[in-house]
Structure formats: structure tokens, C-alpha cells
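Undergrad: Quick one: the structure is below, questions incoming.
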Amino acid sequence: RVSAKNINKKNMQEARRNRYDKLISFCKSQNILHLFLGHHFDDNLETFLIRKVGGSNLEGLGCMPFNIVVNKIQLIRPLINFTKNQIVKFNRKHKIKFIQDPSNFNEKYTRVSIRNFLKSTNYIKTIKKDFKNITSYVPFYKQMMNEMLHQIVFNISKNSVVVSYQDFKKLDEVIKENMIAKIYSYFDTKNITLRYVKVKILLSELNKNNLKSFNLTGISVVKDRDFLSFSTNE
């Protein structure tokens, strides 16, 4: 059961966040280090298309990795390279029972609409090729972004990250957006999602030299001469 205070928007993103919080909390309470998830290739392809339509950056288009550490629990997706058809055929061959989630057929959800589109489109091969090409570039892109962030960081502590504003100002707008998102992810924001529109407003204020202080969804951003400071009071 999920606390009523954690149910506000009643959408799939909120349900997914609450589900992960419960699973990870259970693992930690039972000293379980590895959590296996059932995501498969089709899930990842759907996520890729949802994010591409939504204007995600290259790192976001990398979608769900094989494994990732979240709150000291390692999430592993052993089926991520197998299609749903392959999994269903295996289950039927070995007489393994499985269920169909009713929400998989409800088109009020974006993912279901995307899933049905992928089943009907004549461009599925092109989409899969695009997905594989982009995911192959993501590791190099992440490395480049990390190196660039390292170059502009002036000081870092538990509650603050200070970057050189002059170095930050020289970056391309898309890279600036990525840098801000990376810095934001450094802080414990209690599963709050950084909205893209907030990043755009922050950059607009910086470009107009109007920024003194800005609330970036729980993180305070202050420009002080040659430095840009991101901090939290927690």
C-alpha cells in the first residue's frame, strides 16, 4: 500500500516512482542487494520512442540500462535484450504460466498508444535501427558530458556545487541544459523530477544577465560575479 500523501497526480509516472520506492525499501530492510526487473526489449523501444517524441536529449534516449544502482540497490534487467514474443514463446514451450496486465490494453496511457503504433507501423525496422545506433553512442556521450562538467566545477560539497560562470557561459545551450540536469541529480531531491521548462527559464534569465537567485525545483541557484552556485538547505 502507498501512503495517500504520495498519490497526487494519479498518473503512470507517479505510480512507477511509488512502486520503485516500495521495492527498494523492502530490499534494504531485508538486506537484499540485487533487484531483478522484467523489462524487455520492446519496453525499451517504447521508452525510446516516448522520449524521442518528448524531445529528450541523447543521454535520455539511451533508455533503460541492463543494470543501475539506485539508493545502494542494484537494479538488473536480465531480459532487456529479449523481445516480448521470445519471452512468451519460451513460457509456452516450458508451460510457464504468466498473466496479462489489463492496463496494457488501455489507450489512455501514452505507452499503450506507442505500443500499438509500433505494432502497426511499416517503419519498425528503421525505428529499431535508430534505437540501436543512438544507444551505441550514449556511453561516449556520457563520458564527454562528465569530463566537461569536471572542467567547469570550481568547488563541491555535500550541499552545494559551484561552477565557473565564465566557463559555463561558453557552452552550447543544449550542453548547458545537460550540465544543469547533472548538477541537479547530485542532490537528494526526494524523487522530484526536474522539469525541462524550469531549466529553460533559468538559462533565459542567465542569458539576459537578470539572474540573482532562482529556485530550480528545490535547489537554489545564485549567480555571484564569476560563479554560479547550486545549493540546498537539506
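In the C-alpha cells, chains take the letters A, B, ... in the order shown, each chain's residues start at 1, and ligands count up from 1 in the order shown.
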Skipping near chain neighbours, those fewer than 2 positions away, what residues fall within 12 Å of Asn155 of chain A using only C-alpha atoms, listed as number ranges by chain?
TA: A: 149-153, 157-164, 227-231
Undergrad: Can I get the selection written as a short mmCIF file (atom, residue, chain, number, x, y, z; two decimals), in the first residue's frame, with all heavy atoms?
TA:
data_model
loop_
_atom_site.label_atom_id
_atom_site.label_comp_id
_atom_site.auth_asym_id
_atom_site.auth_seq_id
_atom_site.Cartn_x
_atom_site.Cartn_y
_atom_site.Cartn_z
N LEU A 149 31.75 18.62 -17.38
CA LEU A 149 31.29 19.09 -16.08
C LEU A 149 32.48 19.22 -15.12
O LEU A 149 32.58 20.20 -14.37
CB LEU A 149 30.25 18.12 -15.51
CG LEU A 149 29.69 18.46 -14.12
CD1 LEU A 149 29.02 19.84 -14.13
CD2 LEU A 149 28.71 17.40 -13.66
N HIS A 150 33.37 18.25 -15.17
CA HIS A 150 34.56 18.27 -14.31
C HIS A 150 35.40 19.52 -14.57
O HIS A 150 35.98 20.10 -13.64
CB HIS A 150 35.40 17.01 -14.56
CG HIS A 150 36.65 16.94 -13.74
ND1 HIS A 150 36.64 16.67 -12.39
CD2 HIS A 150 37.95 17.12 -14.07
CE1 HIS A 150 37.88 16.68 -11.93
NE2 HIS A 150 38.70 16.95 -12.94
N GLN A 151 35.44 19.97 -15.81
CA GLN A 151 36.25 21.12 -16.18
C GLN A 151 35.68 22.44 -15.66
O GLN A 151 36.43 23.40 -15.41
CB GLN A 151 36.40 21.18 -17.70
CG GLN A 151 37.27 20.07 -18.26
CD GLN A 151 37.27 20.04 -19.77
OE1 GLN A 151 36.68 20.89 -20.43
NE2 GLN A 151 37.93 19.03 -20.35
N ILE A 152 34.36 22.52 -15.50
CA ILE A 152 33.77 23.80 -15.09
C ILE A 152 33.48 23.89 -13.59
O ILE A 152 33.21 24.96 -13.08
CB ILE A 152 32.47 24.11 -15.87
CG1 ILE A 152 31.35 23.13 -15.48
CG2 ILE A 152 32.71 24.11 -17.37
CD1 ILE A 152 30.00 23.53 -16.06
N VAL A 153 33.54 22.73 -12.88
CA VAL A 153 33.26 22.75 -11.44
C VAL A 153 34.41 23.42 -10.69
O VAL A 153 35.57 23.06 -10.86
CB VAL A 153 33.04 21.32 -10.89
CG1 VAL A 153 33.04 21.33 -9.36
CG2 VAL A 153 31.72 20.77 -11.39
N SER A 157 30.59 20.38 -2.42
CA SER A 157 30.44 19.89 -1.05
C SER A 157 29.12 19.13 -0.97
O SER A 157 28.42 18.96 -1.98
CB SER A 157 30.46 21.05 -0.05
OG SER A 157 29.33 21.88 -0.22
N LYS A 158 28.78 18.70 0.23
CA LYS A 158 27.56 17.91 0.41
C LYS A 158 26.32 18.66 -0.05
O LYS A 158 25.42 18.08 -0.68
CB LYS A 158 27.40 17.51 1.87
CG LYS A 158 26.16 16.66 2.14
CD LYS A 158 26.04 16.30 3.61
CE LYS A 158 24.78 15.49 3.87
NZ LYS A 158 24.63 15.15 5.31
N ASN A 159 26.25 19.96 0.23
CA ASN A 159 25.05 20.74 -0.05
C ASN A 159 25.19 21.78 -1.14
O ASN A 159 24.28 22.58 -1.35
CB ASN A 159 24.56 21.44 1.24
CG ASN A 159 24.14 20.44 2.31
OD1 ASN A 159 23.55 19.42 2.00
ND2 ASN A 159 24.46 20.74 3.55
N SER A 160 26.32 21.79 -1.83
CA SER A 160 26.47 22.81 -2.88
C SER A 160 27.44 22.38 -3.99
O SER A 160 28.35 21.59 -3.75
CB SER A 160 26.94 24.13 -2.28
OG SER A 160 28.30 24.05 -1.89
N VAL A 161 27.18 22.92 -5.16
CA VAL A 161 28.08 22.75 -6.30
C VAL A 161 28.28 24.15 -6.90
O VAL A 161 27.31 24.85 -7.21
CB VAL A 161 27.49 21.82 -7.37
CG1 VAL A 161 28.41 21.77 -8.60
CG2 VAL A 161 27.27 20.42 -6.81
N VAL A 162 29.53 24.55 -7.01
CA VAL A 162 29.85 25.87 -7.57
C VAL A 162 30.63 25.69 -8.86
O VAL A 162 31.62 24.95 -8.89
CB VAL A 162 30.68 26.71 -6.57
CG1 VAL A 162 30.98 28.09 -7.16
CG2 VAL A 162 29.95 26.85 -5.24
N VAL A 163 30.16 26.34 -9.93
CA VAL A 163 30.84 26.22 -11.22
C VAL A 163 31.32 27.59 -11.67
O VAL A 163 30.79 28.63 -11.24
CB VAL A 163 29.92 25.61 -12.30
CG1 VAL A 163 29.42 24.24 -11.87
CG2 VAL A 163 28.74 26.52 -12.62
N SER A 164 32.31 27.58 -12.53
CA SER A 164 32.81 28.82 -13.12
C SER A 164 31.78 29.32 -14.13
O SER A 164 31.48 28.64 -15.11
CB SER A 164 34.15 28.58 -13.83
OG SER A 164 34.46 29.64 -14.69
N PHE A 227 30.89 33.23 -10.58
CA PHE A 227 30.50 31.88 -10.17
C PHE A 227 28.99 31.68 -10.20
O PHE A 227 28.22 32.63 -10.00
CB PHE A 227 31.03 31.57 -8.76
CG PHE A 227 32.52 31.63 -8.67
CD1 PHE A 227 33.15 32.75 -8.10
CD2 PHE A 227 33.30 30.60 -9.16
CE1 PHE A 227 34.53 32.81 -8.03
CE2 PHE A 227 34.69 30.66 -9.09
CZ PHE A 227 35.31 31.76 -8.53
N LEU A 228 28.60 30.45 -10.44
CA LEU A 228 27.21 30.04 -10.42
C LEU A 228 27.10 28.95 -9.37
O LEU A 228 27.73 27.89 -9.47
CB LEU A 228 26.79 29.52 -11.80
CG LEU A 228 25.29 29.38 -12.09
CD1 LEU A 228 24.59 30.73 -11.97
CD2 LEU A 228 25.08 28.80 -13.49
N SER A 229 26.29 29.22 -8.33
CA SER A 229 26.22 28.31 -7.19
C SER A 229 24.86 27.61 -7.14
O SER A 229 23.81 28.25 -7.23
CB SER A 229 26.44 29.10 -5.90
OG SER A 229 26.23 28.30 -4.76
N PHE A 230 24.90 26.28 -6.99
CA PHE A 230 23.70 25.46 -6.81
C PHE A 230 23.76 24.89 -5.38
O PHE A 230 24.76 24.28 -5.02
CB PHE A 230 23.68 24.30 -7.80
CG PHE A 230 23.65 24.71 -9.24
CD1 PHE A 230 24.80 25.14 -9.89
CD2 PHE A 230 22.47 24.67 -9.97
CE1 PHE A 230 24.79 25.53 -11.22
CE2 PHE A 230 22.44 25.04 -11.30
CZ PHE A 230 23.60 25.47 -11.93
N SER A 231 22.70 25.11 -4.60
CA SER A 231 22.78 24.65 -3.21
C SER A 231 21.40 24.27 -2.67
O SER A 231 20.37 24.65 -3.22
CB SER A 231 23.38 25.74 -2.32
OG SER A 231 22.58 26.89 -2.33
#
Undergrad: Quick one: residues within 8 Å of segment 174-190 of chain A, only C-alpha atoms, excluding same-chain residues fewer than 3 positions away - as a list in words?
TA: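 Selected residues are Met145, Leu149, Asn159, Val161, Phe168, Leu171, Leu194, Val199, Lys200, Leu203, Gly218, Ile219, Phe230 and Thr232 of chain A.
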Undergrad: Write out, as a short mmCIF file (atom, residue, chain, number, x, y, z; two decimals), in the first residue's frame, the residues just selected, with all heavy atoms.
TA:
data_model
loop_
_atom_site.label_atom_id
_atom_site.label_comp_id
_atom_site.auth_asym_id
_atom_site.auth_seq_id
_atom_site.Cartn_x
_atom_site.Cartn_y
_atom_site.Cartn_z
N MET A 145 30.18 14.37 -21.41
CA MET A 145 29.47 15.28 -20.53
C MET A 145 30.12 15.33 -19.14
O MET A 145 30.26 16.40 -18.54
CB MET A 145 28.00 14.85 -20.39
CG MET A 145 27.15 15.06 -21.62
SD MET A 145 26.95 16.81 -22.06
CE MET A 145 27.98 16.88 -23.53
N LEU A 149 31.75 18.62 -17.38
CA LEU A 149 31.29 19.09 -16.08
C LEU A 149 32.48 19.22 -15.12
O LEU A 149 32.58 20.20 -14.37
CB LEU A 149 30.25 18.12 -15.51
CG LEU A 149 29.69 18.46 -14.12
CD1 LEU A 149 29.02 19.84 -14.13
CD2 LEU A 149 28.71 17.40 -13.66
N ASN A 159 26.25 19.96 0.23
CA ASN A 159 25.05 20.74 -0.05
C ASN A 159 25.19 21.78 -1.14
O ASN A 159 24.28 22.58 -1.35
CB ASN A 159 24.56 21.44 1.24
CG ASN A 159 24.14 20.44 2.31
OD1 ASN A 159 23.55 19.42 2.00
ND2 ASN A 159 24.46 20.74 3.55
N VAL A 161 27.18 22.92 -5.16
CA VAL A 161 28.08 22.75 -6.30
C VAL A 161 28.28 24.15 -6.90
O VAL A 161 27.31 24.85 -7.21
CB VAL A 161 27.49 21.82 -7.37
CG1 VAL A 161 28.41 21.77 -8.60
CG2 VAL A 161 27.27 20.42 -6.81
N PHE A 168 31.00 28.13 -17.98
CA PHE A 168 29.64 27.65 -18.25
C PHE A 168 29.02 28.43 -19.40
O PHE A 168 28.37 27.86 -20.28
CB PHE A 168 28.79 27.81 -16.98
CG PHE A 168 27.35 27.39 -17.16
CD1 PHE A 168 26.97 26.05 -17.05
CD2 PHE A 168 26.38 28.34 -17.43
CE1 PHE A 168 25.64 25.68 -17.21
CE2 PHE A 168 25.05 27.97 -17.58
CZ PHE A 168 24.68 26.64 -17.48
N LEU A 171 29.54 27.36 -23.12
CA LEU A 171 28.99 26.09 -23.59
C LEU A 171 27.78 26.30 -24.51
O LEU A 171 27.08 27.30 -24.41
CB LEU A 171 28.57 25.21 -22.41
CG LEU A 171 29.67 24.82 -21.42
CD1 LEU A 171 29.06 24.07 -20.25
CD2 LEU A 171 30.74 23.97 -22.10
N LEU A 194 13.01 17.04 -12.30
CA LEU A 194 13.37 18.38 -12.77
C LEU A 194 12.65 18.64 -14.09
O LEU A 194 12.84 17.91 -15.06
CB LEU A 194 14.89 18.48 -12.97
CG LEU A 194 15.40 19.79 -13.57
CD1 LEU A 194 15.05 20.97 -12.69
CD2 LEU A 194 16.90 19.70 -13.80
N VAL A 199 14.47 24.58 -16.47
CA VAL A 199 15.85 24.74 -16.95
C VAL A 199 15.89 25.83 -18.02
O VAL A 199 16.80 26.67 -18.03
CB VAL A 199 16.38 23.40 -17.51
CG1 VAL A 199 17.78 23.59 -18.10
CG2 VAL A 199 16.40 22.33 -16.43
N LYS A 200 14.90 25.83 -18.91
CA LYS A 200 14.86 26.83 -19.97
C LYS A 200 14.69 28.24 -19.39
O LYS A 200 15.31 29.20 -19.88
CB LYS A 200 13.69 26.53 -20.93
CG LYS A 200 13.84 25.22 -21.69
CD LYS A 200 15.01 25.23 -22.64
CE LYS A 200 14.77 26.08 -23.86
NZ LYS A 200 15.90 25.98 -24.85
N LEU A 203 18.05 29.34 -17.87
CA LEU A 203 19.01 29.73 -18.92
C LEU A 203 18.63 31.07 -19.54
O LEU A 203 19.51 31.88 -19.87
CB LEU A 203 19.08 28.65 -19.99
CG LEU A 203 19.80 27.36 -19.59
CD1 LEU A 203 19.72 26.32 -20.70
CD2 LEU A 203 21.26 27.64 -19.26
N GLY A 218 13.44 23.22 -5.87
CA GLY A 218 14.03 22.79 -4.60
C GLY A 218 15.50 23.08 -4.44
O GLY A 218 16.04 22.93 -3.34
N ILE A 219 16.15 23.49 -5.52
CA ILE A 219 17.57 23.83 -5.47
C ILE A 219 17.73 25.33 -5.72
O ILE A 219 17.19 25.86 -6.68
CB ILE A 219 18.38 23.04 -6.52
CG1 ILE A 219 18.24 21.53 -6.30
CG2 ILE A 219 19.85 23.44 -6.49
CD1 ILE A 219 18.72 21.03 -4.98
N PHE A 230 24.90 26.28 -6.99
CA PHE A 230 23.70 25.46 -6.81
C PHE A 230 23.76 24.89 -5.38
O PHE A 230 24.76 24.28 -5.02
CB PHE A 230 23.68 24.30 -7.80
CG PHE A 230 23.65 24.71 -9.24
CD1 PHE A 230 24.80 25.14 -9.89
CD2 PHE A 230 22.47 24.67 -9.97
CE1 PHE A 230 24.79 25.53 -11.22
CE2 PHE A 230 22.44 25.04 -11.30
CZ PHE A 230 23.60 25.47 -11.93
N THR A 232 21.43 23.50 -1.60
CA THR A 232 20.22 23.08 -0.90
C THR A 232 20.45 23.24 0.59
O THR A 232 21.57 23.14 1.06
CB THR A 232 19.86 21.61 -1.22
OG1 THR A 232 18.71 21.24 -0.46
CG2 THR A 232 21.00 20.68 -0.90
#
Undergrad: Got a sec to tell me which of segment 69-225 of chain A DSSP assigns to alpha helix (DSSP H), as a ChimeraX atom specification?
TA: /A:84-93,110-120,124-152,165-169,173-186,196-207
Undergrad: Provide the atom CA of Pro102 of chain A to atom CA of Arg77 of chain A distance in Å, to one decimal place.
TA: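 For atom CA of Pro102 of chain A relative to atom CA of Arg77 of chain A, the distance reads 22.5 Å.
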Undergrad: Any idea what's packed within 12 Å of Ser136 of chain A, counting only C-alpha atoms, ignoring anything in its chain fewer than 3 positions away? Could you give it as a VMD selection string?
TA: chain A and resid 58 to 59 61 to 63 65 129 to 133 139 to 142
Undergrad: List the neighbours of Val69 of chain A out to 12 Å using only C-alpha atoms; skip same-chain residues closer than 2 positions along the sequence, and give me the result as a list in words.
TA: Ile24, Leu33, His34, Leu35, Phe36, Pro65, Phe66, Asn67, Asn71, Lys72, Ile73, Gln74, Leu75, Ile76 and Arg77 of chain A
Undergrad: Restrict the selected residues to N, CA and C atoms and save them as a tab-separated table (two decimals), in the first residue's frame.
TA:
chain	number	residue	atom	x	y	z
A	24	ILE	N	12.48	-0.91	-3.42
A	24	ILE	CA	13.83	-0.63	-2.93
A	24	ILE	C	13.86	-0.60	-1.40
A	33	LEU	N	20.56	-7.11	-1.97
A	33	LEU	CA	21.39	-6.17	-2.72
A	33	LEU	C	21.00	-6.05	-4.19
A	34	HIS	N	20.33	-7.08	-4.73
A	34	HIS	CA	20.03	-7.10	-6.16
A	34	HIS	C	18.53	-7.26	-6.39
A	35	LEU	N	17.96	-6.38	-7.21
A	35	LEU	CA	16.55	-6.44	-7.56
A	35	LEU	C	16.44	-6.68	-9.06
A	36	PHE	N	15.86	-7.82	-9.44
A	36	PHE	CA	15.71	-8.16	-10.85
A	36	PHE	C	14.37	-7.66	-11.37
A	65	PRO	N	19.05	0.95	-18.88
A	65	PRO	CA	20.28	0.15	-18.97
A	65	PRO	C	20.08	-1.25	-18.43
A	66	PHE	N	21.03	-2.13	-18.70
A	66	PHE	CA	20.98	-3.50	-18.19
A	66	PHE	C	21.02	-3.51	-16.67
A	67	ASN	N	21.85	-2.64	-16.09
A	67	ASN	CA	21.89	-2.55	-14.63
A	67	ASN	C	22.22	-1.12	-14.20
A	71	ASN	N	19.92	4.06	-4.83
A	71	ASN	CA	19.86	4.03	-3.36
A	71	ASN	C	20.52	2.78	-2.79
A	72	LYS	N	21.69	2.45	-3.34
A	72	LYS	CA	22.53	1.34	-2.88
A	72	LYS	C	21.97	-0.04	-3.21
A	73	ILE	N	20.91	-0.11	-4.04
A	73	ILE	CA	20.38	-1.38	-4.50
A	73	ILE	C	20.65	-1.49	-6.00
A	74	GLN	N	21.20	-2.62	-6.44
A	74	GLN	CA	21.49	-2.79	-7.86
A	74	GLN	C	20.27	-3.34	-8.59
A	75	LEU	N	19.74	-2.54	-9.52
A	75	LEU	CA	18.62	-2.96	-10.35
A	75	LEU	C	19.17	-3.63	-11.60
A	76	ILE	N	18.71	-4.86	-11.87
A	76	ILE	CA	19.22	-5.62	-13.01
A	76	ILE	C	18.06	-6.03	-13.90
A	77	ARG	N	18.23	-5.86	-15.21
A	77	ARG	CA	17.19	-6.22	-16.19
A	77	ARG	C	17.74	-7.34	-17.09
Undergrad: Among segment 25-218 of chain A, which ones does DSSP assign to strand (DSSP E) (computed from the backbone)? Answer as a VMD selection string.
TA: chain A and resid 34 to 36 67 to 70 73 to 76 153 to 156 160 to 164 213 to 216
Undergrad: Do a neighbour search on Asp43 of chain A at 9 Å with only C-alpha atoms, toss out local chain neighbours closer than 3 positions, and write the hits as JSON, numbers by chain.
TA: {"A": [39, 40, 46, 47, 48, 64, 80, 83, 84, 111, 115]}
Undergrad: Just to be explicit: take each residue in the selection above, keep N, CA, C and O atoms, and write the result as a PDB file, in the first residue's frame.
TA:
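Contents of the output file out-v7.pdb:
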ATOM      1  N   HIS A  39      11.752  -5.903 -17.397  1.00  0.00           N
ATOM      2  CA  HIS A  39      11.720  -5.130 -18.649  1.00  0.00           C
ATOM      3  C   HIS A  39      12.387  -5.890 -19.788  1.00  0.00           C
ATOM      4  O   HIS A  39      13.423  -6.517 -19.588  1.00  0.00           O
ATOM      5  N   HIS A  40      11.777  -5.799 -20.963  1.00  0.00           N
ATOM      6  CA  HIS A  40      12.341  -6.483 -22.135  1.00  0.00           C
ATOM      7  C   HIS A  40      12.620  -5.479 -23.258  1.00  0.00           C
ATOM      8  O   HIS A  40      12.403  -4.266 -23.089  1.00  0.00           O
ATOM      9  N   GLU A  46       9.790   1.161 -26.720  1.00  0.00           N
ATOM     10  CA  GLU A  46       8.678   2.075 -26.437  1.00  0.00           C
ATOM     11  C   GLU A  46       9.168   3.303 -25.678  1.00  0.00           C
ATOM     12  O   GLU A  46       8.793   4.434 -26.002  1.00  0.00           O
ATOM     13  N   THR A  47      10.024   3.076 -24.683  1.00  0.00           N
ATOM     14  CA  THR A  47      10.576   4.182 -23.899  1.00  0.00           C
ATOM     15  C   THR A  47      11.373   5.125 -24.799  1.00  0.00           C
ATOM     16  O   THR A  47      11.285   6.355 -24.681  1.00  0.00           O
ATOM     17  N   PHE A  48      12.150   4.550 -25.697  1.00  0.00           N
ATOM     18  CA  PHE A  48      12.945   5.326 -26.651  1.00  0.00           C
ATOM     19  C   PHE A  48      12.051   6.250 -27.475  1.00  0.00           C
ATOM     20  O   PHE A  48      12.329   7.450 -27.601  1.00  0.00           O
ATOM     21  N   MET A  64      16.552   2.462 -20.801  1.00  0.00           N
ATOM     22  CA  MET A  64      16.811   1.648 -19.606  1.00  0.00           C
ATOM     23  C   MET A  64      18.075   0.807 -19.778  1.00  0.00           C
ATOM     24  O   MET A  64      18.169   0.015 -20.711  1.00  0.00           O
ATOM     25  N   ILE A  80      16.387  -7.563 -20.894  1.00  0.00           N
ATOM     26  CA  ILE A  80      16.319  -6.333 -21.668  1.00  0.00           C
ATOM     27  C   ILE A  80      16.671  -6.519 -23.150  1.00  0.00           C
ATOM     28  O   ILE A  80      16.270  -5.727 -23.996  1.00  0.00           O
ATOM     29  N   THR A  83      12.935  -9.932 -26.873  1.00  0.00           N
ATOM     30  CA  THR A  83      11.638  -9.344 -27.202  1.00  0.00           C
ATOM     31  C   THR A  83      10.530 -10.025 -26.407  1.00  0.00           C
ATOM     32  O   THR A  83      10.713 -11.131 -25.882  1.00  0.00           O
ATOM     33  N   LYS A  84       9.376  -9.386 -26.361  1.00  0.00           N
ATOM     34  CA  LYS A  84       8.234  -9.969 -25.658  1.00  0.00           C
ATOM     35  C   LYS A  84       7.835 -11.296 -26.296  1.00  0.00           C
ATOM     36  O   LYS A  84       7.506 -12.265 -25.595  1.00  0.00           O
ATOM     37  N   ARG A 111       2.056   5.047 -23.229  1.00  0.00           N
ATOM     38  CA  ARG A 111       2.853   3.870 -23.582  1.00  0.00           C
ATOM     39  C   ARG A 111       2.048   2.876 -24.408  1.00  0.00           C
ATOM     40  O   ARG A 111       2.571   2.273 -25.347  1.00  0.00           O
ATOM     41  N   ARG A 115       2.859   1.629 -28.104  1.00  0.00           N
ATOM     42  CA  ARG A 115       2.979   0.188 -28.348  1.00  0.00           C
ATOM     43  C   ARG A 115       2.142  -0.230 -29.561  1.00  0.00           C
ATOM     44  O   ARG A 115       2.609  -0.975 -30.432  1.00  0.00           O
TER      45      ARG A 115
END
Undergrad: Write out as a PyMOL selection string which residues come within 10 Å of Phe214 of chain A when counting only C-alpha atoms, dropping same-chain ones fewer than 4 positions away.
TA: chain A and resi 198+201-202+205+218-223+230
Undergrad: So that I can see what lies close to Val88 of chain A, please list as a VMD selection string the residues with an atom at most 12 Å from it, counting only C-alpha atoms and leaving out residues fewer than 6 positions away in the same chain.
TA: chain A and resid 40 79 82 94 to 100
